[in-house]
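Colleague: So here's final_23.cif, just mmCIF, C-alpha atoms:
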data_query
loop_
_atom_site.group_PDB
_atom_site.id
_atom_site.type_symbol
_atom_site.label_atom_id
_atom_site.label_comp_id
_atom_site.auth_asym_id
_atom_site.auth_seq_id
_atom_site.Cartn_x
_atom_site.Cartn_y
_atom_site.Cartn_z
ATOM 1 C CA MET A 1 16.289 27.700 -1.557
ATOM 2 C CA TRP A 2 19.941 28.244 -0.564
ATOM 3 C CA ASN A 3 21.305 30.977 1.674
ATOM 4 C CA ALA A 4 24.918 31.983 2.239
ATOM 5 C CA GLY A 5 26.160 30.146 5.294
ATOM 6 C CA GLU A 6 29.262 30.531 7.371
ATOM 7 C CA GLY A 7 32.336 31.190 5.240
ATOM 8 C CA GLY A 8 30.193 31.968 2.194
ATOM 9 C CA LEU A 9 29.164 28.355 1.735
ATOM 10 C CA PRO A 10 25.555 27.727 0.764
ATOM 11 C CA SER A 11 23.237 26.265 3.375
ATOM 12 C CA ARG A 12 19.684 25.046 2.941
ATOM 13 C CA ALA A 13 16.992 27.304 4.441
ATOM 14 C CA PRO A 14 14.983 25.552 7.115
ATOM 15 C CA ALA A 15 11.718 24.170 5.811
ATOM 16 C CA SER A 16 8.479 25.118 7.516
ATOM 17 C CA SER A 17 7.213 22.471 9.911
ATOM 18 C CA VAL A 18 3.629 23.634 9.300
ATOM 19 C CA THR A 19 2.325 21.531 6.417
ATOM 20 C CA PRO A 20 -0.586 22.679 4.212
ATOM 21 C CA ALA A 21 -2.837 20.063 5.827
ATOM 22 C CA LEU A 22 -1.939 21.327 9.305
ATOM 23 C CA ARG A 23 -2.689 24.922 8.284
ATOM 24 C CA ILE A 24 -6.147 23.876 7.138
ATOM 25 C CA MET A 25 -6.687 21.942 10.345
ATOM 26 C CA ILE A 26 -5.658 24.935 12.493
ATOM 27 C CA GLY A 27 -8.066 27.109 10.543
ATOM 28 C CA ALA A 28 -10.843 24.547 11.033
ATOM 29 C CA VAL A 29 -10.217 24.396 14.801
ATOM 30 C CA LEU A 30 -10.548 28.175 15.036
ATOM 31 C CA MET A 31 -13.702 28.097 12.893
ATOM 32 C CA SER A 32 -15.211 25.483 15.208
ATOM 33 C CA LEU A 33 -15.552 28.134 17.945
ATOM 34 C CA GLY A 34 -18.324 29.818 15.960
ATOM 35 C CA GLY A 35 -21.227 27.754 17.297
ATOM 36 C CA LEU A 36 -20.338 28.507 20.910
ATOM 37 C CA GLY A 37 -19.833 32.214 20.242
ATOM 38 C CA ILE A 38 -23.191 32.471 18.465
ATOM 39 C CA LYS A 39 -25.016 30.719 21.312
ATOM 40 C CA LEU A 40 -23.354 32.956 23.946
ATOM 41 C CA CYS A 41 -23.934 36.258 22.128
ATOM 42 C CA SER A 42 -27.322 37.928 22.672
ATOM 43 C CA PHE A 43 -27.260 39.776 19.337
ATOM 44 C CA GLY A 44 -29.872 38.791 16.759
ATOM 45 C CA PRO A 45 -28.815 36.783 13.671
ATOM 46 C CA TRP A 46 -28.547 39.763 11.292
ATOM 47 C CA GLN A 47 -26.674 41.923 13.766
ATOM 48 C CA LEU A 48 -24.319 39.148 14.788
ATOM 49 C CA ALA A 49 -23.532 38.050 11.231
ATOM 50 C CA GLY A 50 -23.016 41.640 10.078
ATOM 51 C CA PHE A 51 -20.630 42.747 12.813
ATOM 52 C CA ARG A 52 -18.727 39.464 12.770
ATOM 53 C CA ALA A 53 -18.193 39.894 9.031
ATOM 54 C CA LEU A 54 -17.069 43.505 9.515
ATOM 55 C CA PHE A 55 -14.385 42.529 12.038
ATOM 56 C CA ALA A 56 -13.305 39.605 9.824
ATOM 57 C CA ALA A 57 -12.957 41.776 6.695
ATOM 58 C CA ALA A 58 -10.868 44.347 8.588
ATOM 59 C CA THR A 59 -8.617 41.625 10.012
ATOM 60 C CA MET A 60 -7.947 40.006 6.646
ATOM 61 C CA TYR A 61 -7.442 43.326 4.861
ATOM 62 C CA LEU A 62 -4.979 44.677 7.441
ATOM 63 C CA LEU A 63 -2.940 41.509 8.020
ATOM 64 C CA VAL A 64 -2.742 40.046 4.497
ATOM 65 C CA PRO A 65 -1.445 42.330 1.704
ATOM 66 C CA ARG A 66 -2.553 39.774 -0.931
ATOM 67 C CA SER A 67 -6.173 40.513 0.013
ATOM 68 C CA ARG A 68 -5.910 44.040 -1.431
ATOM 69 C CA VAL A 69 -5.196 43.026 -5.030
ATOM 70 C CA ARG A 70 -6.751 41.072 -7.938
ATOM 71 C CA TRP A 71 -10.392 41.887 -7.279
ATOM 72 C CA SER A 72 -11.875 40.111 -10.287
ATOM 73 C CA LEU A 73 -15.351 38.847 -11.153
ATOM 74 C CA GLY A 74 -14.355 35.450 -9.776
ATOM 75 C CA VAL A 75 -13.468 37.093 -6.455
ATOM 76 C CA TRP A 76 -16.965 38.555 -6.162
ATOM 77 C CA ALA A 77 -18.592 35.257 -7.207
ATOM 78 C CA GLY A 78 -16.660 33.379 -4.524
ATOM 79 C CA GLY A 79 -17.440 36.178 -2.083
ATOM 80 C CA ALA A 80 -21.162 35.736 -2.746
ATOM 81 C CA CYS A 81 -20.878 32.052 -1.798
ATOM 82 C CA LEU A 82 -18.940 32.928 1.348
ATOM 83 C CA CYS A 83 -21.543 35.559 2.256
ATOM 84 C CA GLY A 84 -24.349 33.011 1.872
ATOM 85 C CA ALA A 85 -22.488 30.457 3.989
ATOM 86 C CA TYR A 86 -21.994 33.009 6.787
ATOM 87 C CA VAL A 87 -25.592 34.198 6.922
ATOM 88 C CA PHE A 88 -27.132 30.722 6.624
ATOM 89 C CA PHE A 89 -24.738 29.372 9.285
ATOM 90 C CA VAL A 90 -25.590 32.070 11.840
ATOM 91 C CA TRP A 91 -29.331 31.723 11.254
ATOM 92 C CA ALA A 92 -29.163 27.924 11.463
ATOM 93 C CA ASN A 93 -27.298 28.081 14.793
ATOM 94 C CA LYS A 94 -30.038 30.303 16.186
ATOM 95 C CA MET A 95 -32.789 27.879 15.047
ATOM 96 C CA THR A 96 -31.400 24.351 15.497
ATOM 97 C CA THR A 97 -28.682 22.694 17.554
ATOM 98 C CA ALA A 98 -25.021 23.460 16.976
ATOM 99 C CA ALA A 99 -24.472 19.775 16.178
ATOM 100 C CA ASN A 100 -27.206 19.721 13.518
ATOM 101 C CA THR A 101 -25.957 22.942 11.963
ATOM 102 C CA ILE A 102 -22.353 21.922 11.600
ATOM 103 C CA PHE A 103 -22.949 18.335 10.553
ATOM 104 C CA ILE A 104 -25.491 19.256 7.872
ATOM 105 C CA GLU A 105 -23.066 21.914 6.647
ATOM 106 C CA SER A 106 -20.459 19.169 6.576
ATOM 107 C CA SER A 107 -22.194 17.640 3.559
ATOM 108 C CA ALA A 108 -20.150 20.198 1.579
ATOM 109 C CA PRO A 109 -17.453 17.623 0.623
ATOM 110 C CA LEU A 110 -20.104 15.647 -1.251
ATOM 111 C CA TRP A 111 -20.890 18.644 -3.468
ATOM 112 C CA VAL A 112 -17.217 19.550 -3.863
ATOM 113 C CA LEU A 113 -16.442 15.957 -4.860
ATOM 114 C CA LEU A 114 -19.055 16.131 -7.621
ATOM 115 C CA LEU A 115 -18.104 19.595 -8.897
ATOM 116 C CA SER A 116 -14.293 19.520 -8.666
ATOM 117 C CA PRO A 117 -13.709 17.398 -11.808
ATOM 118 C CA LEU A 118 -15.963 19.718 -13.804
ATOM 119 C CA LEU A 119 -14.917 23.133 -12.487
ATOM 120 C CA LEU A 120 -11.348 22.575 -11.282
ATOM 121 C CA LYS A 121 -10.267 19.629 -13.459
ATOM 122 C CA GLU A 122 -9.163 17.824 -10.286
ATOM 123 C CA PRO A 123 -9.623 14.047 -10.503
ATOM 124 C CA ILE A 124 -11.526 12.103 -7.869
ATOM 125 C CA ARG A 125 -9.250 9.685 -6.040
ATOM 126 C CA LEU A 126 -10.388 6.408 -4.572
ATOM 127 C CA ARG A 127 -9.261 7.569 -1.130
ATOM 128 C CA ASP A 128 -11.523 10.630 -1.369
ATOM 129 C CA THR A 129 -14.515 8.545 -2.434
ATOM 130 C CA LEU A 130 -14.053 6.079 0.419
ATOM 131 C CA THR A 131 -13.613 8.886 2.956
ATOM 132 C CA VAL A 132 -16.731 10.729 1.800
ATOM 133 C CA GLY A 133 -18.676 7.449 1.978
ATOM 134 C CA ALA A 134 -17.546 6.881 5.556
ATOM 135 C CA MET A 135 -18.429 10.443 6.485
ATOM 136 C CA ALA A 136 -21.881 10.043 4.950
ATOM 137 C CA VAL A 137 -22.420 7.085 7.292
ATOM 138 C CA GLY A 138 -21.326 9.289 10.179
ATOM 139 C CA LEU A 139 -23.853 11.963 9.187
ATOM 140 C CA VAL A 140 -26.679 9.406 9.029
ATOM 141 C CA LEU A 141 -25.815 8.197 12.504
ATOM 142 C CA PHE A 142 -25.882 11.765 13.749
ATOM 143 C CA PHE A 143 -29.570 12.083 12.849
ATOM 144 C CA ALA A 144 -30.659 8.618 14.000
ATOM 145 C CA ALA A 145 -32.292 10.136 17.099
ATOM 146 C CA PRO A 146 -34.080 13.449 16.310
ATOM 147 C CA GLU A 147 -33.610 16.232 18.812
ATOM 148 C CA ARG A 148 -36.378 18.065 20.647
ATOM 149 C CA ALA A 149 -36.783 21.829 20.395
ATOM 150 C CA THR A 150 -35.286 23.781 23.281
ATOM 151 C CA MET A 151 -34.923 27.427 24.255
ATOM 152 C CA LEU A 152 -31.527 27.478 22.526
ATOM 153 C CA SER A 153 -32.828 25.605 19.443
ATOM 154 C CA PRO A 154 -36.498 26.547 18.932
ATOM 155 C CA GLU A 155 -37.057 25.515 15.276
ATOM 156 C CA ILE A 156 -35.163 22.332 14.437
ATOM 157 C CA MET A 157 -36.503 21.695 10.913
ATOM 158 C CA ARG A 158 -36.175 25.283 9.745
ATOM 159 C CA GLY A 159 -32.662 25.442 11.137
ATOM 160 C CA ASN A 160 -31.747 22.192 9.380
ATOM 161 C CA LEU A 161 -32.843 23.626 6.016
ATOM 162 C CA LEU A 162 -30.800 26.764 6.642
ATOM 163 C CA ALA A 163 -27.794 24.564 7.465
ATOM 164 C CA LEU A 164 -28.243 22.785 4.122
ATOM 165 C CA GLY A 165 -28.122 26.180 2.413
ATOM 166 C CA ALA A 166 -24.879 26.876 4.271
ATOM 167 C CA ALA A 167 -23.448 23.574 2.977
ATOM 168 C CA LEU A 168 -24.222 24.418 -0.651
ATOM 169 C CA CYS A 169 -22.744 27.914 -0.306
ATOM 170 C CA PHE A 170 -19.664 26.616 1.501
ATOM 171 C CA SER A 171 -18.937 24.112 -1.267
ATOM 172 C CA GLY A 172 -19.071 26.937 -3.821
ATOM 173 C CA GLU A 173 -16.779 29.014 -1.632
ATOM 174 C CA VAL A 174 -14.151 26.246 -1.363
ATOM 175 C CA ILE A 175 -14.161 25.709 -5.132
ATOM 176 C CA ALA A 176 -13.724 29.460 -5.701
ATOM 177 C CA LEU A 177 -10.876 29.725 -3.167
ATOM 178 C CA ARG A 178 -9.120 26.780 -4.772
ATOM 179 C CA ALA A 179 -9.548 28.224 -8.281
ATOM 180 C CA LEU A 180 -8.111 31.564 -7.107
ATOM 181 C CA ARG A 181 -5.327 30.068 -4.978
ATOM 182 C CA ARG A 182 -2.539 31.736 -7.003
ATOM 183 C CA GLY A 183 -4.076 35.159 -6.599
ATOM 184 C CA GLY A 184 -7.449 36.306 -5.347
ATOM 185 C CA ALA A 185 -8.314 33.812 -2.608
ATOM 186 C CA GLU A 186 -7.595 36.274 0.192
ATOM 187 C CA ALA A 187 -9.484 39.032 -1.640
ATOM 188 C CA THR A 188 -12.434 36.628 -1.922
ATOM 189 C CA VAL A 189 -12.603 36.347 1.868
ATOM 190 C CA VAL A 190 -12.637 40.136 2.246
ATOM 191 C CA ALA A 191 -15.233 40.533 -0.516
ATOM 192 C CA GLY A 192 -17.483 37.872 1.010
ATOM 193 C CA ASN A 193 -17.369 39.499 4.416
ATOM 194 C CA LEU A 194 -18.091 42.945 2.984
ATOM 195 C CA MET A 195 -21.073 41.518 1.100
ATOM 196 C CA ALA A 196 -22.297 39.932 4.345
ATOM 197 C CA VAL A 197 -22.054 43.331 6.055
ATOM 198 C CA ALA A 198 -24.136 44.913 3.278
ATOM 199 C CA VAL A 199 -26.742 42.120 3.308
ATOM 200 C CA CYS A 200 -27.119 42.226 7.098
ATOM 201 C CA ALA A 201 -27.207 46.032 7.239
ATOM 202 C CA ILE A 202 -30.465 46.171 5.256
ATOM 203 C CA PRO A 203 -32.709 44.418 7.832
ATOM 204 C CA MET A 204 -30.883 46.137 10.703
ATOM 205 C CA LEU A 205 -31.553 49.600 9.218
ATOM 206 C CA THR A 206 -35.116 48.864 8.158
ATOM 207 C CA ASN A 207 -35.994 47.339 11.531
ATOM 208 C CA PRO A 208 -34.222 49.402 14.220
ATOM 209 C CA GLY A 209 -36.137 47.546 16.908
ATOM 210 C CA GLY A 210 -34.189 44.411 16.026
ATOM 211 C CA PHE A 211 -30.893 46.079 16.942
ATOM 212 C CA VAL A 212 -29.675 44.909 20.345
ATOM 213 C CA ARG A 213 -27.473 47.415 22.158
ATOM 214 C CA GLY A 214 -25.523 44.552 23.695
ATOM 215 C CA THR A 215 -23.262 44.248 26.700
ATOM 216 C CA PRO A 216 -19.457 44.551 26.645
ATOM 217 C CA THR A 217 -19.402 40.750 26.664
ATOM 218 C CA ASP A 218 -21.533 40.641 23.506
ATOM 219 C CA TRP A 219 -19.182 43.028 21.707
ATOM 220 C CA PHE A 220 -16.167 41.074 22.913
ATOM 221 C CA LEU A 221 -17.719 37.869 21.555
ATOM 222 C CA VAL A 222 -18.653 39.273 18.149
ATOM 223 C CA GLY A 223 -15.268 40.973 17.831
ATOM 224 C CA GLY A 224 -13.428 37.816 18.852
ATOM 225 C CA MET A 225 -15.389 35.739 16.360
ATOM 226 C CA GLY A 226 -14.665 38.194 13.567
ATOM 227 C CA VAL A 227 -10.936 38.511 14.269
ATOM 228 C CA VAL A 228 -10.011 34.988 15.410
ATOM 229 C CA GLN A 229 -12.784 32.555 14.456
ATOM 230 C CA VAL A 230 -13.122 33.978 10.909
ATOM 231 C CA GLY A 231 -10.260 36.332 10.030
ATOM 232 C CA ILE A 232 -7.219 34.487 11.376
ATOM 233 C CA ALA A 233 -8.854 31.131 10.642
ATOM 234 C CA TYR A 234 -9.133 32.004 6.947
ATOM 235 C CA ILE A 235 -5.517 33.177 6.846
ATOM 236 C CA PHE A 236 -4.477 29.634 7.782
ATOM 237 C CA TYR A 237 -7.149 28.106 5.544
ATOM 238 C CA THR A 238 -6.295 29.996 2.337
ATOM 239 C CA ARG A 239 -2.557 29.421 2.754
ATOM 240 C CA GLY A 240 -3.036 25.713 3.321
ATOM 241 C CA MET A 241 -5.314 25.098 0.356
ATOM 242 C CA ARG A 242 -2.814 26.514 -2.169
ATOM 243 C CA ASP A 243 -1.202 23.058 -2.295
ATOM 244 C CA ILE A 244 -4.150 20.775 -1.530
ATOM 245 C CA PRO A 245 -7.077 19.855 -3.850
ATOM 246 C CA ALA A 246 -10.529 21.211 -2.995
ATOM 247 C CA THR A 247 -12.012 17.836 -2.010
ATOM 248 C CA ARG A 248 -9.232 17.059 0.445
ATOM 249 C CA THR A 249 -9.412 20.610 1.810
ATOM 250 C CA THR A 250 -13.064 20.205 2.768
ATOM 251 C CA LEU A 251 -12.442 16.744 4.197
ATOM 252 C CA ILE A 252 -9.640 17.966 6.468
ATOM 253 C CA GLY A 253 -11.791 20.958 7.407
ATOM 254 C CA MET A 254 -14.399 18.535 8.765
ATOM 255 C CA VAL A 255 -12.574 18.675 12.094
ATOM 256 C CA GLU A 256 -14.673 21.816 12.575
ATOM 257 C CA ALA A 257 -17.798 19.652 12.438
ATOM 258 C CA VAL A 258 -16.552 17.444 15.257
ATOM 259 C CA LEU A 259 -15.348 20.197 17.577
ATOM 260 C CA ASN A 260 -18.167 22.731 17.075
ATOM 261 C CA PRO A 261 -20.835 20.839 19.079
ATOM 262 C CA VAL A 262 -18.229 19.771 21.641
ATOM 263 C CA TRP A 263 -17.474 23.395 22.613
ATOM 264 C CA VAL A 264 -21.208 24.112 22.862
ATOM 265 C CA PHE A 265 -21.827 21.055 25.043
ATOM 266 C CA LEU A 266 -19.024 22.008 27.427
ATOM 267 C CA VAL A 267 -20.926 25.233 28.187
ATOM 268 C CA PHE A 268 -24.563 24.270 27.502
ATOM 269 C CA THR A 269 -25.104 20.724 28.743
ATOM 270 C CA ALA A 270 -28.694 20.829 27.431
ATOM 271 C CA GLU A 271 -27.248 20.306 23.941
ATOM 272 C CA LYS A 272 -25.565 17.050 24.856
ATOM 273 C CA PRO A 273 -24.970 14.903 21.734
ATOM 274 C CA GLY A 274 -26.529 11.442 21.871
ATOM 275 C CA GLN A 275 -24.677 8.141 21.560
ATOM 276 C CA TRP A 276 -25.320 7.883 17.816
ATOM 277 C CA ALA A 277 -24.102 11.448 17.349
ATOM 278 C CA LEU A 278 -20.901 10.654 19.229
ATOM 279 C CA LEU A 279 -20.336 7.578 17.089
ATOM 280 C CA GLY A 280 -20.943 9.599 13.928
ATOM 281 C CA GLY A 281 -18.507 12.250 15.112
ATOM 282 C CA ALA A 282 -15.882 9.576 15.810
ATOM 283 C CA ILE A 283 -16.235 8.216 12.255
ATOM 284 C CA ILE A 284 -15.897 11.690 10.772
ATOM 285 C CA LEU A 285 -12.871 12.481 12.928
ATOM 286 C CA ALA A 286 -11.252 9.248 11.750
ATOM 287 C CA GLY A 287 -11.809 10.314 8.156
ATOM 288 C CA VAL A 288 -10.307 13.724 8.871
ATOM 289 C CA ALA A 289 -7.204 12.177 10.448
ATOM 290 C CA TYR A 290 -6.830 9.788 7.508
ATOM 291 C CA GLN A 291 -6.999 12.622 4.972
ATOM 292 C CA ALA A 292 -4.643 14.841 6.963
ATOM 293 C CA LEU A 293 -1.943 12.191 7.399
ATOM 294 C CA ALA A 294 -2.160 10.063 4.263
ATOM 295 C CA GLY A 295 -0.577 11.067 0.999
ATOM 296 C CA GLY A 296 -0.131 14.764 1.765
ATOM 297 C CA ARG A 297 2.042 16.938 -0.462
ATOM 298 C CA LYS A 298 5.123 18.483 1.071
ATOM 299 C CA PRO A 299 5.047 22.268 1.563
ATOM 300 C CA ARG A 300 6.991 24.292 -0.993
#
If you took the structure in this file and wrote it as structure tokens, what would it be?
Modeller:
Amino acid sequence: MWNAGEGGLPSRAPASSVTPALRIMIGAVLMSLGGLGIKLCSFGPWQLAGFRALFAAATMYLLVPRSRVRWSLGVWAGGACLCGAYVFFVWANKMTTAANTIFIESSAPLWVLLLSPLLLKEPIRLRDTLTVGAMAVGLVLFFAAPERATMLSPEIMRGNLLALGAALCFSGEVIALRALRRGGAEATVVAGNLMAVAVCAIPMLTNPGGFVRGTPTDWFLVGGMGVVQVGIAYIFYTRGMRDIPATRTTLIGMVEAVLNPVWVFLVFTAEKPGQWALLGGAIILAGVAYQALAGGRKPR
């Protein structure tokens, strides 16, 4: 685009230095704070997921005008996937370790890789296949030494299954956001959060004893997660994925999987990742860096 410069001569408008890949990575870094926030907050899973979703929906709706239009059937379908990913993720973090939760959820690129050619007509590139293969090795290494149940992670196996449900829902969410990238992606985020509020409100209303009054710190945490860790994170995420295929979007977003357990460990040393987990995380981070830097499209 050209603007009138000094003396009426045209001058090129400065291009944004924030590439689509960097926007996705910023969003993933913000999302990675979720595990720590969930562990620190004393709210139960339903209460935490519901209020976090409420703050996130309000943030997206108020800050992004595009989220208020084009509410189609596809928006609600993608919102259902996002709702499932939220609820499964919160429950999994309460049952198993933050590392297990996020790395099992990180199997989402495998499902996106299989479904993208069918649903989005996006071809699978050799680079994507090699990266997913390397990440799969990293995931295997992460589970080479099974963890023991702790006070923070009382039901490892149940939590792992919930994390797998989050992975399947997240892959559906990414495909929906990519399909609606020209209109409806932002509305999908709002719809998904509103659906999560409705789903979580049912057990909270039917079981008042499960409602924790909470301290000011708890409300600060759940509000911060809703506004920053979900709302603002998805603003970056949806804007970045307009110009990047779904498979590469999920691969770049894997930086969340590396950082999530790191934040938890810095506060709760009892959840220290083992040597194999650290090696697996290093492999995944290498794949993320490769996808973010290699062959990216220039921002429009």
Colleague: Could you give me, as a list of chain:residue names, the residues within 8 Å of stretch 120-133 of chain A, counting all atoms listed in the file and dropping anything in the same chain fewer than 6 positions from it?
Modeller: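 Residues meeting the cut-off are A:Pro109, A:Leu110, A:Leu113, A:Ile175, A:Ala179, A:Pro245, A:Thr247, A:Arg248, A:Leu251, A:Gly287, A:Gln291.
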Colleague: Can you list what the PyMOL selection byres ((chain A and resi 26) around 12) grabs from this structure, as an mmCIF file with C-alpha atoms, keeping the file's coordinate frame?
Modeller:
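Here's the written file expr_24.cif:
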data_model
loop_
_atom_site.group_PDB
_atom_site.id
_atom_site.type_symbol
_atom_site.label_atom_id
_atom_site.label_comp_id
_atom_site.auth_asym_id
_atom_site.auth_seq_id
_atom_site.Cartn_x
_atom_site.Cartn_y
_atom_site.Cartn_z
ATOM 1 C CA VAL A 18 3.629 23.634 9.300
ATOM 2 C CA THR A 19 2.325 21.531 6.417
ATOM 3 C CA PRO A 20 -0.586 22.679 4.212
ATOM 4 C CA ALA A 21 -2.837 20.063 5.827
ATOM 5 C CA LEU A 22 -1.939 21.327 9.305
ATOM 6 C CA ARG A 23 -2.689 24.922 8.284
ATOM 7 C CA ILE A 24 -6.147 23.876 7.138
ATOM 8 C CA MET A 25 -6.687 21.942 10.345
ATOM 9 C CA GLY A 27 -8.066 27.109 10.543
ATOM 10 C CA ALA A 28 -10.843 24.547 11.033
ATOM 11 C CA VAL A 29 -10.217 24.396 14.801
ATOM 12 C CA LEU A 30 -10.548 28.175 15.036
ATOM 13 C CA MET A 31 -13.702 28.097 12.893
ATOM 14 C CA SER A 32 -15.211 25.483 15.208
ATOM 15 C CA LEU A 33 -15.552 28.134 17.945
ATOM 16 C CA VAL A 228 -10.011 34.988 15.410
ATOM 17 C CA GLN A 229 -12.784 32.555 14.456
ATOM 18 C CA VAL A 230 -13.122 33.978 10.909
ATOM 19 C CA ILE A 232 -7.219 34.487 11.376
ATOM 20 C CA ALA A 233 -8.854 31.131 10.642
ATOM 21 C CA TYR A 234 -9.133 32.004 6.947
ATOM 22 C CA ILE A 235 -5.517 33.177 6.846
ATOM 23 C CA PHE A 236 -4.477 29.634 7.782
ATOM 24 C CA TYR A 237 -7.149 28.106 5.544
ATOM 25 C CA THR A 238 -6.295 29.996 2.337
ATOM 26 C CA ARG A 239 -2.557 29.421 2.754
ATOM 27 C CA GLY A 240 -3.036 25.713 3.321
ATOM 28 C CA ILE A 252 -9.640 17.966 6.468
ATOM 29 C CA GLY A 253 -11.791 20.958 7.407
ATOM 30 C CA MET A 254 -14.399 18.535 8.765
ATOM 31 C CA VAL A 255 -12.574 18.675 12.094
ATOM 32 C CA GLU A 256 -14.673 21.816 12.575
ATOM 33 C CA LEU A 259 -15.348 20.197 17.577
ATOM 34 C CA ALA A 292 -4.643 14.841 6.963
#
Colleague: Evaluate the PyMOL selection byres ((chain A and resi 72) around 10) here and jot the selected residues down as an mmCIF file with C-alpha atoms, keeping the file's coordinate frame.
Modeller:
data_model
loop_
_atom_site.group_PDB
_atom_site.id
_atom_site.type_symbol
_atom_site.label_atom_id
_atom_site.label_comp_id
_atom_site.auth_asym_id
_atom_site.auth_seq_id
_atom_site.Cartn_x
_atom_site.Cartn_y
_atom_site.Cartn_z
ATOM 1 C CA VAL A 69 -5.196 43.026 -5.030
ATOM 2 C CA ARG A 70 -6.751 41.072 -7.938
ATOM 3 C CA TRP A 71 -10.392 41.887 -7.279
ATOM 4 C CA LEU A 73 -15.351 38.847 -11.153
ATOM 5 C CA GLY A 74 -14.355 35.450 -9.776
ATOM 6 C CA VAL A 75 -13.468 37.093 -6.455
ATOM 7 C CA TRP A 76 -16.965 38.555 -6.162
ATOM 8 C CA ALA A 77 -18.592 35.257 -7.207
ATOM 9 C CA LEU A 180 -8.111 31.564 -7.107
ATOM 10 C CA GLY A 183 -4.076 35.159 -6.599
ATOM 11 C CA GLY A 184 -7.449 36.306 -5.347
ATOM 12 C CA ALA A 187 -9.484 39.032 -1.640
ATOM 13 C CA THR A 188 -12.434 36.628 -1.922
#
Colleague: Distance atom CA of A:Ala92-atom CA of A:Leu162, one decimal place?
Modeller: 5.2 Å
Colleague: When distances are computed from only C-alpha atoms, which of A:Thr217, A:Asn100, A:Ser42, A:Ser171 shows the smallest separation from A:Ala149?
Modeller: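 That would be A:Asn100, the residue with the smallest distance to A:Ala149.
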Colleague: Looking at all atoms listed in the file, which of A:Lys39, A:Trp46, A:Pro261, A:Gly223 is the one that sits closest to A:Met151?
Modeller: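 Closest candidate: A:Lys39.
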Colleague: Tell me, in Å to one decimal, how far atom CA of A:Thr59 is from atom CA of A:Leu177.
Modeller: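 We find that atom CA of A:Thr59 and atom CA of A:Leu177 lie 17.9 Å from each other.
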Colleague: Using the chain letters and numbers from the file, which residues does the PyMOL selection byres ((chain A and resi 95) around 7) grab, as a ChimeraX atom specification?
Modeller: /A:91-94,96,153-156,158-159
